[in-house]
>>> print(open('query.txt').read())   # compact mmCIF, C-alpha atoms
# COMPACT_ATOMS: atom_id res chain seq x y z
CA MET A 1420 -31.92 6.26 -48.23
CA ARG A 1421 -29.02 8.08 -46.64
CA GLN A 1422 -31.08 8.92 -43.55
CA LYS A 1423 -32.00 5.24 -43.12
CA ALA A 1424 -28.31 4.25 -43.16
CA LEU A 1425 -27.49 6.87 -40.53
CA VAL A 1426 -30.29 5.66 -38.26
CA ARG A 1427 -29.14 2.06 -38.68
CA ALA A 1428 -25.53 3.02 -37.89
CA ALA A 1429 -26.63 4.97 -34.82
CA ALA A 1430 -28.70 1.98 -33.64
CA VAL A 1431 -25.72 -0.37 -34.06
CA ILE A 1432 -23.47 2.01 -32.13
CA ALA A 1433 -26.07 2.39 -29.36
CA ALA A 1434 -26.48 -1.39 -29.11
CA ALA A 1435 -22.71 -1.88 -28.95
CA PHE A 1436 -22.51 0.79 -26.26
CA LEU A 1437 -25.19 -0.94 -24.17
CA ILE A 1438 -23.47 -4.32 -24.54
CA LEU A 1439 -20.14 -2.84 -23.46
CA LEU A 1440 -21.77 -1.04 -20.53
CA ALA A 1441 -23.38 -4.28 -19.33
CA LEU A 1442 -20.08 -6.15 -19.71
CA SER A 1443 -18.25 -3.43 -17.78
CA ALA A 1444 -20.75 -3.62 -14.92
CA ALA A 1445 -20.49 -7.41 -14.81
CA LEU A 1446 -16.69 -7.34 -14.82
CA ALA A 1447 -16.50 -4.68 -12.11
CA THR A 1448 -17.51 -7.22 -9.46
CA VAL A 1449 -14.92 -9.68 -10.75
CA GLU A 1450 -12.28 -6.96 -10.61
CA ALA A 1451 -13.25 -6.08 -7.04
CA GLU A 1452 -13.13 -9.74 -6.01
CA ASN A 1453 -9.70 -10.17 -7.61
CA ALA A 1454 -8.37 -7.04 -5.90
CA ALA A 1455 -9.66 -8.26 -2.53
CA ALA A 1456 -8.09 -11.70 -3.07
CA GLU A 1457 -4.77 -10.11 -4.05
CA ARG A 1458 -4.85 -7.86 -0.97
CA GLU A 1459 -5.62 -10.82 1.28
CA ALA A 1460 -2.72 -12.82 -0.22
CA ILE A 1461 -0.32 -9.92 0.33
CA PHE A 1462 -1.59 -9.46 3.89
CA GLN A 1463 -1.06 -13.17 4.64
CA THR A 1464 2.49 -12.92 3.27
CA LEU A 1465 3.28 -9.84 5.34
CA LEU A 1466 1.65 -11.04 8.57
CA PRO A 1467 1.22 -14.84 8.33
CA GLY A 1468 -1.66 -16.17 10.37
CA GLY A 1469 -2.78 -12.66 11.20
CA GLY A 1470 -6.13 -12.71 9.41
CA PRO A 1471 -8.90 -11.89 9.17
CA TYR A 1472 -8.11 -8.22 8.66
CA VAL A 1473 -10.54 -5.42 9.39
CA GLU A 1474 -10.00 -1.91 8.10
CA GLU A 1475 -10.06 0.59 10.93
CA PRO A 1476 -10.59 4.32 10.55
CA TYR A 1477 -7.46 6.40 10.97
CA SER A 1478 -7.90 9.80 12.57
CA GLY A 1479 -4.33 10.63 13.53
CA GLU A 1480 -2.19 13.48 12.34
CA ASP A 1481 0.46 11.42 10.53
CA THR A 1482 -0.17 12.25 6.89
CA ASN A 1483 1.97 9.28 5.79
CA ILE A 1484 -0.74 6.84 6.90
CA SER A 1485 -3.57 6.28 4.43
CA ALA A 1486 -5.22 3.10 5.78
CA VAL A 1487 -4.98 0.75 8.76
CA TYR A 1488 -5.95 -2.92 8.88
CA ARG A 1489 -6.07 -4.79 12.17
CA GLY A 1490 -5.45 -8.51 12.24
CA THR A 1491 -5.31 -11.02 15.07
CA THR A 1492 -1.53 -10.70 15.53
CA GLY A 1493 -0.83 -7.13 14.45
CA TYR A 1494 -1.56 -4.35 12.03
CA ILE A 1495 -0.92 -3.74 8.37
CA VAL A 1496 -0.54 -0.04 7.74
CA GLU A 1497 -0.77 1.45 4.27
CA THR A 1498 1.47 4.46 3.89
CA VAL A 1499 2.04 7.04 1.18
CA THR A 1500 5.28 9.00 1.42
CA ALA A 1501 6.89 11.49 -0.94
CA GLY A 1502 9.77 9.98 -2.89
CA TYR A 1503 12.10 11.67 -5.35
CA ALA A 1504 9.86 11.37 -8.43
CA GLY A 1505 6.47 10.91 -6.79
CA ASP A 1506 4.56 9.16 -4.04
CA ILE A 1507 5.61 5.75 -2.72
CA THR A 1508 2.80 3.52 -1.50
CA MET A 1509 3.77 0.76 0.93
CA LEU A 1510 2.17 -1.83 3.15
CA VAL A 1511 3.98 -2.30 6.46
CA ALA A 1512 3.14 -5.12 8.89
CA VAL A 1513 3.83 -4.52 12.58
CA ASP A 1514 3.00 -7.15 15.19
CA PHE A 1515 1.46 -6.31 18.55
CA GLN A 1516 4.91 -6.47 20.16
CA GLY A 1517 5.98 -3.49 18.05
CA THR A 1518 8.23 -5.30 15.59
CA VAL A 1519 8.10 -4.70 11.84
CA VAL A 1520 7.57 -8.18 10.42
CA GLY A 1521 7.01 -7.35 6.77
CA ALA A 1522 6.95 -4.56 4.23
CA VAL A 1523 6.27 -4.26 0.54
CA VAL A 1524 6.38 -1.35 -1.88
CA ARG A 1525 3.07 -1.42 -3.78
CA ASN A 1526 3.43 1.57 -6.07
CA MET A 1527 6.14 4.06 -6.97
CA GLU A 1528 7.33 6.23 -9.85
CA GLU A 1529 10.98 6.53 -8.92
CA THR A 1530 13.95 6.74 -11.30
CA PHE A 1531 14.65 3.49 -13.13
CA GLY A 1532 17.91 1.94 -11.96
CA LEU A 1533 18.10 4.12 -8.85
CA GLY A 1534 15.05 4.65 -6.63
CA MET A 1535 13.12 1.95 -8.46
CA GLU A 1536 15.51 -0.54 -6.81
CA ALA A 1537 13.44 -0.15 -3.63
CA LEU A 1538 10.92 -2.51 -5.25
CA SER A 1539 13.30 -5.45 -5.53
CA ASP A 1540 16.60 -4.89 -3.71
CA ALA A 1541 16.49 -7.69 -1.13
CA GLU A 1542 19.41 -6.33 0.87
CA PHE A 1543 17.72 -2.92 1.14
CA LEU A 1544 14.28 -4.32 1.99
CA SER A 1545 15.64 -6.81 4.53
CA GLN A 1546 16.78 -3.87 6.69
CA LEU A 1547 13.12 -3.03 7.29
CA VAL A 1548 12.16 -6.36 8.83
CA TRP A 1549 12.69 -6.66 12.60
CA SER A 1550 13.18 -2.91 12.90
CA ARG A 1551 11.55 -0.99 15.75
CA GLY A 1552 10.49 2.27 14.14
CA ASP A 1553 13.80 4.04 14.52
CA LEU A 1554 15.15 3.85 10.98
CA ALA A 1555 17.40 6.74 9.96
CA VAL A 1556 19.32 6.80 6.70
CA GLY A 1557 23.05 6.99 7.34
CA GLU A 1558 22.72 5.92 10.97
CA ASN A 1559 21.12 2.48 11.20
CA PHE A 1560 19.69 2.16 7.69
CA ASP A 1561 21.73 1.99 4.48
CA ALA A 1562 20.30 3.93 1.56
CA ILE A 1563 20.21 2.64 -1.98
CA THR A 1564 23.18 4.16 -3.77
CA GLY A 1565 22.00 7.23 -5.66
CA ALA A 1566 18.52 7.08 -4.13
CA THR A 1567 18.75 8.74 -0.74
CA VAL A 1568 15.39 10.51 -1.05
CA THR A 1569 13.63 7.26 -1.92
CA SER A 1570 15.38 5.46 0.92
CA ARG A 1571 14.30 8.16 3.39
CA ALA A 1572 10.71 7.90 2.15
CA VAL A 1573 10.73 4.14 2.74
CA ALA A 1574 12.22 4.61 6.22
CA ASN A 1575 9.61 7.26 7.04
CA ALA A 1576 6.83 4.90 5.96
CA VAL A 1577 8.08 2.15 8.26
CA ASN A 1578 8.61 4.56 11.16
CA SER A 1579 5.05 5.90 10.74
CA ALA A 1580 3.55 2.40 10.78
CA PHE A 1581 5.54 1.52 13.89
CA ALA A 1582 4.48 4.73 15.65
CA PHE A 1583 0.83 3.99 14.94
CA VAL A 1584 0.93 0.44 16.31
CA THR A 1585 2.93 1.26 19.41
CA GLY A 1586 0.91 4.33 20.29
CA ALA A 1587 3.76 6.74 19.64
CA ASP A 1588 1.34 8.48 17.26
CA VAL A 1589 -0.69 9.58 20.26
CA SER A 1590 -3.23 11.50 18.24
CA SER A 1591 -4.20 8.49 16.13
CA GLY A 1592 -6.31 6.48 18.49
CA ALA A 1593 -3.78 3.67 18.12
CA THR A 1594 -3.75 0.83 20.58
CA GLU A 1595 -1.89 1.09 23.82
CA TRP A 1596 1.60 -0.40 23.70
CA GLY A 1597 1.40 -4.17 23.27
CA GLY A 1598 -1.92 -4.32 21.41
>>> encode(input="query.txt", output="structure tokens")
Amino acid sequence: MRQKALVRAAAVIAAAFLILLALSAALATVEAENAAAEREAIFQTLLPGGGPYVEEPYSGEDTNISAVYRGTTGYIVETVTAGYAGDITMLVAVDFQGTVVGAVVRNMEETFGLGMEALSDAEFLSQLVWSRGDLAVGENFDAITGATVTSRAVANAVNSAFAFVTGADVSSGATEWGG
């Protein structure tokens, strides 16, 4: 009797496992579609009218660059730079004329109330737009108070994206100046 109950319980658990596995597989495509739609929406915000975007291989030496997407009016460069408390992942849009036209911090683990302000401080983020890849904290770029390391990481990300698009990152296979 006891053995029968154990077999029945094992069968129920196995059936539940198979149902959950099938559901997970079915939802994986929905998750991928949602992620692609979210990425496309962010890209359109950063570089309006610049789509469609095609991911291009990056073979340069700049370790800040993790992915490159070419659009019809410029590039969106995904960067990962070292912040104070961890890596900062950003998307930086640079048009073919070499102007930073948009930037967004996608992921960071910085200190709440200090470095975390890089996500939402409009005054800080607005310094990035229309820059030309020459950002330097304390010179032409104001750091977030108490978050100099984070601010430098953000500036480095933007400078790396600019260097890729303009060809300053000569080892990357980037386009010649002007697209």
>>> residues_around(input="query.txt", residues="segment 1514-1522 of chain A", least_positions_apart="4", cutoff="10 Å", atoms="all atoms listed in the file", output="count of residues only")
42
>>> closest_residue(input="query.txt", among="A:Val1556, A:Ala1447, A:Val1513, A:Leu1538", to="Ala1574 of chain A", atoms="only C-alpha atoms")
A:Val1556
>>> closest_residue(input="query.txt", among="A:Val1511, A:Gly1557, A:Asp1540, A:Gly1505", to="Thr1569 of chain A", atoms="only C-alpha atoms")
A:Gly1505
>>> atom_distance(input="query.txt", atom1="atom CA of Thr1508 of chain A", atom2="atom CA of Tyr1477 of chain A")
16.4 Å
>>> axis_aligned_box(input="query.txt", around="segment 1457-1462 of chain A", padding_each_side="3 Å", output="lines of an AutoDock Vina configuration file")
center_x = -3.0
center_y = -10.3
center_z = -0.1
size_x = 11.3
size_y = 11.0
size_z = 13.9
>>> residues_near_point(input="query.txt", point="(17.4, 2.3, 7.1)", cutoff="8 Å", atoms="only C-alpha atoms", output="PyMOL selection string")
chain A and resi 1543+1546-1547+1554-1562+1570-1571+1574
>>> build_atoms(input="query.txt", residues="segment 1469-1487 of chain A", atoms="N, CA and C atoms", output="mmCIF file, in the coordinates of the input")
data_model
loop_
_atom_site.group_PDB
_atom_site.id
_atom_site.type_symbol
_atom_site.label_atom_id
_atom_site.label_comp_id
_atom_site.auth_asym_id
_atom_site.auth_seq_id
_atom_site.Cartn_x
_atom_site.Cartn_y
_atom_site.Cartn_z
ATOM 1 N N GLY A 1469 -2.240 -13.833 10.529
ATOM 2 C CA GLY A 1469 -2.780 -12.660 11.200
ATOM 3 C C GLY A 1469 -4.210 -12.317 10.837
ATOM 4 N N GLY A 1470 -4.778 -13.034 9.878
ATOM 5 C CA GLY A 1470 -6.130 -12.710 9.410
ATOM 6 C C GLY A 1470 -7.196 -13.236 10.321
ATOM 7 N N PRO A 1471 -8.404 -12.829 10.163
ATOM 8 C CA PRO A 1471 -8.900 -11.890 9.170
ATOM 9 C C PRO A 1471 -8.505 -10.447 9.524
ATOM 10 N N TYR A 1472 -8.505 -9.612 8.499
ATOM 11 C CA TYR A 1472 -8.110 -8.220 8.660
ATOM 12 C C TYR A 1472 -9.323 -7.318 8.515
ATOM 13 N N VAL A 1473 -9.419 -6.358 9.402
ATOM 14 C CA VAL A 1473 -10.540 -5.420 9.390
ATOM 15 C C VAL A 1473 -9.964 -4.021 9.252
ATOM 16 N N GLU A 1474 -10.464 -3.287 8.269
ATOM 17 C CA GLU A 1474 -10.000 -1.910 8.100
ATOM 18 C C GLU A 1474 -10.554 -1.067 9.236
ATOM 19 N N GLU A 1475 -9.673 -0.305 9.850
ATOM 20 C CA GLU A 1475 -10.060 0.590 10.930
ATOM 21 C C GLU A 1475 -9.894 2.032 10.472
ATOM 22 N N PRO A 1476 -10.755 2.903 10.932
ATOM 23 C CA PRO A 1476 -10.590 4.320 10.550
ATOM 24 C C PRO A 1476 -9.326 4.888 11.185
ATOM 25 N N TYR A 1477 -8.651 5.735 10.439
ATOM 26 C CA TYR A 1477 -7.460 6.400 10.970
ATOM 27 C C TYR A 1477 -7.773 7.883 11.119
ATOM 28 N N SER A 1478 -7.592 8.390 12.314
ATOM 29 C CA SER A 1478 -7.900 9.800 12.570
ATOM 30 C C SER A 1478 -6.705 10.558 13.126
ATOM 31 N N GLY A 1479 -5.525 9.971 12.995
ATOM 32 C CA GLY A 1479 -4.330 10.630 13.530
ATOM 33 C C GLY A 1479 -3.832 11.739 12.627
ATOM 34 N N GLU A 1480 -2.755 12.346 13.053
ATOM 35 C CA GLU A 1480 -2.190 13.480 12.340
ATOM 36 C C GLU A 1480 -1.075 13.094 11.380
ATOM 37 N N ASP A 1481 -0.637 11.848 11.400
ATOM 38 C CA ASP A 1481 0.460 11.420 10.530
ATOM 39 C C ASP A 1481 -0.056 11.297 9.105
ATOM 40 N N THR A 1482 0.334 12.223 8.265
ATOM 41 C CA THR A 1482 -0.170 12.250 6.890
ATOM 42 C C THR A 1482 0.426 11.136 6.031
ATOM 43 N N ASN A 1483 1.407 10.418 6.533
ATOM 44 C CA ASN A 1483 1.970 9.280 5.790
ATOM 45 C C ASN A 1483 1.020 8.089 5.797
ATOM 46 N N ILE A 1484 0.132 7.999 6.761
ATOM 47 C CA ILE A 1484 -0.740 6.840 6.900
ATOM 48 C C ILE A 1484 -2.035 7.077 6.134
ATOM 49 N N SER A 1485 -2.354 6.136 5.227
ATOM 50 C CA SER A 1485 -3.570 6.280 4.430
ATOM 51 C C SER A 1485 -4.637 5.259 4.792
ATOM 52 N N ALA A 1486 -4.241 4.119 5.368
ATOM 53 C CA ALA A 1486 -5.220 3.100 5.780
ATOM 54 C C ALA A 1486 -4.583 2.207 6.833
ATOM 55 N N VAL A 1487 -5.442 1.634 7.688
ATOM 56 C CA VAL A 1487 -4.980 0.750 8.760
ATOM 57 C C VAL A 1487 -5.868 -0.482 8.782
#
